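A quick write-up on the structure given underneath.
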Amino acid sequence: MGDERPDARPDVLLTGLLFYDLVLTGLGKPPTPGEEIWTDGMGTSPGGIANLAVATARYGLKTSLATVFGDDYYGAHCREVLAEQEHIDLSLSRTADGWHTPVTVSIAYGHDRALVTHGQEPPYSQDALMGDPPAARTALVHIEAEPREWLAKAAANGTKIFADVGWDPTQQWSSDLLDQLALCHAFVPNDTEAMAYTRTDTAADALGKLSELVPVAVVTRGGDGAIAVDQTTGEYADVPALATEVLDATGAGDVFGASFVAASLEGWPLEERLRFAVLAAGLSVQRHGGALAAPGWYGVHQWWQSVRNTGTSENTELRRAYGFLADRLPADPGPPVPHAPVTPPAPHGIPDLP
């Protein structure tokens, strides 16, 4: 008999900066100096790297997160949410004495948002947190101009690296950054980033360039969906976005990436992986942003049941496009997932005022 022991490795390994997010929604227009606007929506949630961690954990994936928490109320609250509510392994994380958790205020309007952040560089680097990283099935990584030492170590121990990249504030878009793709299994930039780094004029041309550098290349296109090439299977896919009302787009890209990883770990065909990621990202923008907008299996299951049981022409098309979910969704999608509260609960041990 073969070795039938369960795989003890984490499904997903993550590291990055954590924020405490306060998201304001319902603005008809952005604020201007000297003006006060009352909004009809607000949510609070862990953010930053927590967006990816919660999104993967809500698919039942064993998620290991290396981050830094401040020794303040925001840090304690985020730690409690991630460890106790979302069941994320924080054994690689640290609490830093005398350092406060970064705070981001997100002002969402239309299909975009403005962000204001207060914070300082954490006292522990990613490499210090990771050390010799544990072997994991996958790692979700945000690559930057300066390569992280732990990334090469993780790739060497068999961890499949799924990478994204962010906006370059210098707008130099150095192609040297793409050298790091040699360590990666998949790369998932948006179209603006992909075209800038590859010096191309269309998302399709950027995808062609990237597919020469990494086995699985994905380019997200916002309201136009996503395109991808998997060189390991010879597959190409082009899928549209989900038509949906956008409450807050914060973290939608992270939900896309986490969902693509979850579907990849299940070995789904490329078009199914891409459709699933587009769907999950579309569901996330209907909730207040940050980590707690991630739908998980429960949210996807609820959407699929609604589509199956409502006989509109639009749903007929969706049933055709997403019919694979009938065989892919777990029999038990789990309990409803908690979403972002307007304000966090009082810390334990502080009595209510009379």
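Residue numbering restarts at 1 in every chain; chains get A, B, ... in the order shown in the structure tokens, and ligands count up from 1 in that same order.
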Write out as JSON lines a residue-level contact list of region 224-290 of chain A versus region 101-114 of chain A with cut-off 9 Å: for each qualifying residue the closest pair of atoms and the distance in Å to one decimal, counting only C-alpha atoms, rows sorted by chain and residue number upward.
```
{"residue": "A:Glu245", "atom": "CA", "partner": "A:His111", "partner_atom": "CA", "distance": 8.9}
{"residue": "A:Val246", "atom": "CA", "partner": "A:His111", "partner_atom": "CA", "distance": 6.1}
{"residue": "A:Leu247", "atom": "CA", "partner": "A:Ala108", "partner_atom": "CA", "distance": 7.6}
{"residue": "A:Asp248", "atom": "CA", "partner": "A:Ala108", "partner_atom": "CA", "distance": 5.7}
{"residue": "A:Ala249", "atom": "CA", "partner": "A:Asp112", "partner_atom": "CA", "distance": 6.3}
{"residue": "A:Thr250", "atom": "CA", "partner": "A:Arg113", "partner_atom": "CA", "distance": 7.5}
{"residue": "A:Gly289", "atom": "CA", "partner": "A:Ser106", "partner_atom": "CA", "distance": 8.5}
```
(request) Mind listing the strand (DSSP E) residues of region 148-184 of chain A, per DSSP on the backbone, as a list in words? (result)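 DSSP on the backbone gives strand (DSSP E) at Lys160, Ile161, Phe162, Ala163, Asp164 and Val165 of chain A.
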For the residues selected in the previous step, produce a file with N, CA and C atoms as an mmCIF file, in the first residue's frame.
```cif
data_model
loop_
_atom_site.group_PDB
_atom_site.id
_atom_site.type_symbol
_atom_site.label_atom_id
_atom_site.label_comp_id
_atom_site.auth_asym_id
_atom_site.auth_seq_id
_atom_site.Cartn_x
_atom_site.Cartn_y
_atom_site.Cartn_z
ATOM 1 N N LYS A 160 4.566 25.884 -4.430
ATOM 2 C CA LYS A 160 4.195 26.548 -5.678
ATOM 3 C C LYS A 160 3.864 28.004 -5.371
ATOM 4 N N ILE A 161 4.548 28.924 -6.046
ATOM 5 C CA ILE A 161 4.392 30.342 -5.785
ATOM 6 C C ILE A 161 3.371 30.948 -6.755
ATOM 7 N N PHE A 162 2.317 31.534 -6.198
ATOM 8 C CA PHE A 162 1.347 32.312 -6.958
ATOM 9 C C PHE A 162 1.600 33.778 -6.613
ATOM 10 N N ALA A 163 1.942 34.595 -7.593
ATOM 11 C CA ALA A 163 2.374 35.962 -7.315
ATOM 12 C C ALA A 163 1.456 36.993 -7.950
ATOM 13 N N ASP A 164 1.357 38.137 -7.262
ATOM 14 C CA ASP A 164 0.792 39.321 -7.891
ATOM 15 C C ASP A 164 1.787 40.464 -7.710
ATOM 16 N N VAL A 165 1.416 41.648 -8.165
ATOM 17 C CA VAL A 165 2.316 42.797 -8.087
ATOM 18 C C VAL A 165 1.448 44.028 -7.913
#
```
(message) Could you check the closest approach to His118 (chain A) for each of A:Tyr322, A:Phe19, A:Trp304, A:Tyr298 and tell me which residue wins, using only C-alpha atoms?
(response) A:Phe19
Who sits within 12 Å of Thr233 (chain A), only C-alpha atoms, same chain under 6 positions skipped, as a short mmCIF file (atom, residue, chain, number, x, y, z; two decimals) with N, CA, C and O atoms, in the first residue's frame:
```cif
data_model
loop_
_atom_site.label_atom_id
_atom_site.label_comp_id
_atom_site.auth_asym_id
_atom_site.auth_seq_id
_atom_site.Cartn_x
_atom_site.Cartn_y
_atom_site.Cartn_z
N PRO A 215 4.65 29.52 -15.84
CA PRO A 215 3.76 28.47 -16.36
C PRO A 215 2.31 28.89 -16.50
O PRO A 215 1.65 28.56 -17.48
N VAL A 216 1.78 29.63 -15.50
CA VAL A 216 0.38 30.06 -15.55
C VAL A 216 0.35 31.58 -15.45
O VAL A 216 0.78 32.15 -14.44
N GLY A 267 -7.39 21.23 -8.87
CA GLY A 267 -7.09 20.70 -10.20
C GLY A 267 -8.15 20.97 -11.25
O GLY A 267 -8.27 20.23 -12.23
N TRP A 268 -8.91 22.05 -11.10
CA TRP A 268 -9.96 22.36 -12.06
C TRP A 268 -9.36 22.82 -13.40
O TRP A 268 -8.25 23.36 -13.43
N PRO A 269 -10.11 22.66 -14.49
CA PRO A 269 -9.67 23.22 -15.78
C PRO A 269 -9.53 24.74 -15.69
O PRO A 269 -10.17 25.39 -14.84
N LEU A 270 -8.72 25.33 -16.57
CA LEU A 270 -8.40 26.75 -16.47
C LEU A 270 -9.65 27.63 -16.55
O LEU A 270 -9.78 28.58 -15.78
N GLU A 271 -10.56 27.34 -17.46
CA GLU A 271 -11.75 28.20 -17.57
C GLU A 271 -12.57 28.17 -16.28
O GLU A 271 -13.08 29.21 -15.84
#
```
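Using only C-alpha atoms, the shortest contact distance between Ser174 (chain A) and any of A:Ala206, A:Leu242, A:Ala196, A:Leu52 is found at A:Ala196.
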(request) Within 10 Å of Ser175 (chain A), counting only C-alpha atoms, which residues show up once you throw out same-chain ones fewer than 6 positions away? Write them as a list in words, please. (result)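 Using only C-alpha atoms, the neighbours found are Ala145, Ala196, Tyr197, Thr198 and Arg199 of chain A.
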Can you spit out the residues from that selection as a JSON list (two decimals), in the first residue's frame, using all heavy atoms?
```
[["chain", "number", "residue", "atom", "x", "y", "z"],
["A", 145, "ALA", "N", 10.17, 45.23, -6.05],
["A", 145, "ALA", "CA", 11.44, 45.44, -6.76],
["A", 145, "ALA", "C", 12.59, 44.75, -6.07],
["A", 145, "ALA", "O", 13.47, 44.17, -6.73],
["A", 145, "ALA", "CB", 11.71, 46.94, -6.88],
["A", 196, "ALA", "N", 2.20, 47.65, -18.32],
["A", 196, "ALA", "CA", 3.32, 48.52, -17.97],
["A", 196, "ALA", "C", 4.62, 47.73, -17.85],
["A", 196, "ALA", "O", 5.66, 48.16, -18.37],
["A", 196, "ALA", "CB", 3.02, 49.25, -16.66],
["A", 197, "TYR", "N", 4.57, 46.59, -17.20],
["A", 197, "TYR", "CA", 5.80, 45.82, -16.99],
["A", 197, "TYR", "C", 6.29, 45.14, -18.26],
["A", 197, "TYR", "O", 7.48, 44.90, -18.42],
["A", 197, "TYR", "CB", 5.60, 44.78, -15.89],
["A", 197, "TYR", "CG", 5.71, 45.35, -14.50],
["A", 197, "TYR", "CD1", 4.61, 45.43, -13.66],
["A", 197, "TYR", "CD2", 6.94, 45.84, -14.02],
["A", 197, "TYR", "CE1", 4.71, 45.97, -12.38],
["A", 197, "TYR", "CE2", 7.04, 46.38, -12.74],
["A", 197, "TYR", "CZ", 5.93, 46.45, -11.93],
["A", 197, "TYR", "OH", 6.03, 46.99, -10.68],
["A", 198, "THR", "N", 5.37, 44.82, -19.18],
["A", 198, "THR", "CA", 5.77, 44.14, -20.41],
["A", 198, "THR", "C", 5.94, 45.09, -21.60],
["A", 198, "THR", "O", 6.29, 44.64, -22.69],
["A", 198, "THR", "CB", 4.74, 43.05, -20.79],
["A", 198, "THR", "OG1", 3.45, 43.67, -20.96],
["A", 198, "THR", "CG2", 4.66, 41.98, -19.73],
["A", 199, "ARG", "N", 5.66, 46.39, -21.35],
["A", 199, "ARG", "CA", 5.78, 47.39, -22.41],
["A", 199, "ARG", "C", 4.90, 47.03, -23.61],
["A", 199, "ARG", "O", 5.32, 47.09, -24.78],
["A", 199, "ARG", "CB", 7.24, 47.56, -22.87],
["A", 199, "ARG", "CG", 8.26, 47.78, -21.76],
["A", 199, "ARG", "CD", 8.03, 49.11, -21.04],
["A", 199, "ARG", "NE", 9.18, 49.52, -20.24],
["A", 199, "ARG", "CZ", 9.34, 49.22, -18.94],
["A", 199, "ARG", "NH1", 8.42, 48.49, -18.32],
["A", 199, "ARG", "NH2", 10.40, 49.65, -18.28]]
```
(message) Give me the residues near Asp176 (chain A) as a count of residues only, where near means some atom within 12 Å (using only C-alpha atoms) and where sequence neighbours in that chain fewer than 3 positions away do not count.
(response) 13
(request) Skip Ile88 (chain A) itself and residues of its chain fewer than 5 positions away, then list as a PyMOL selection string all residues within 6 Å of it, counting only C-alpha atoms. (result) chain A and resi 63+82-83
(request) Between A:Tyr59, A:Trp150, A:Tyr20, A:Phe324, single out the one closest to Ala76 (chain A), counting only C-alpha atoms. (result)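 Once distances to Ala76 (chain A) are computed over only C-alpha atoms, the minimum belongs to A:Tyr20.
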(message) Calculated over only C-alpha atoms, which of the candidates A:Arg94, A:Arg287, A:His301, A:His142 has the smallest distance to His339 (chain A)?
(response)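 Of the candidates, the smallest distance to His339 (chain A) is held by A:Arg287.
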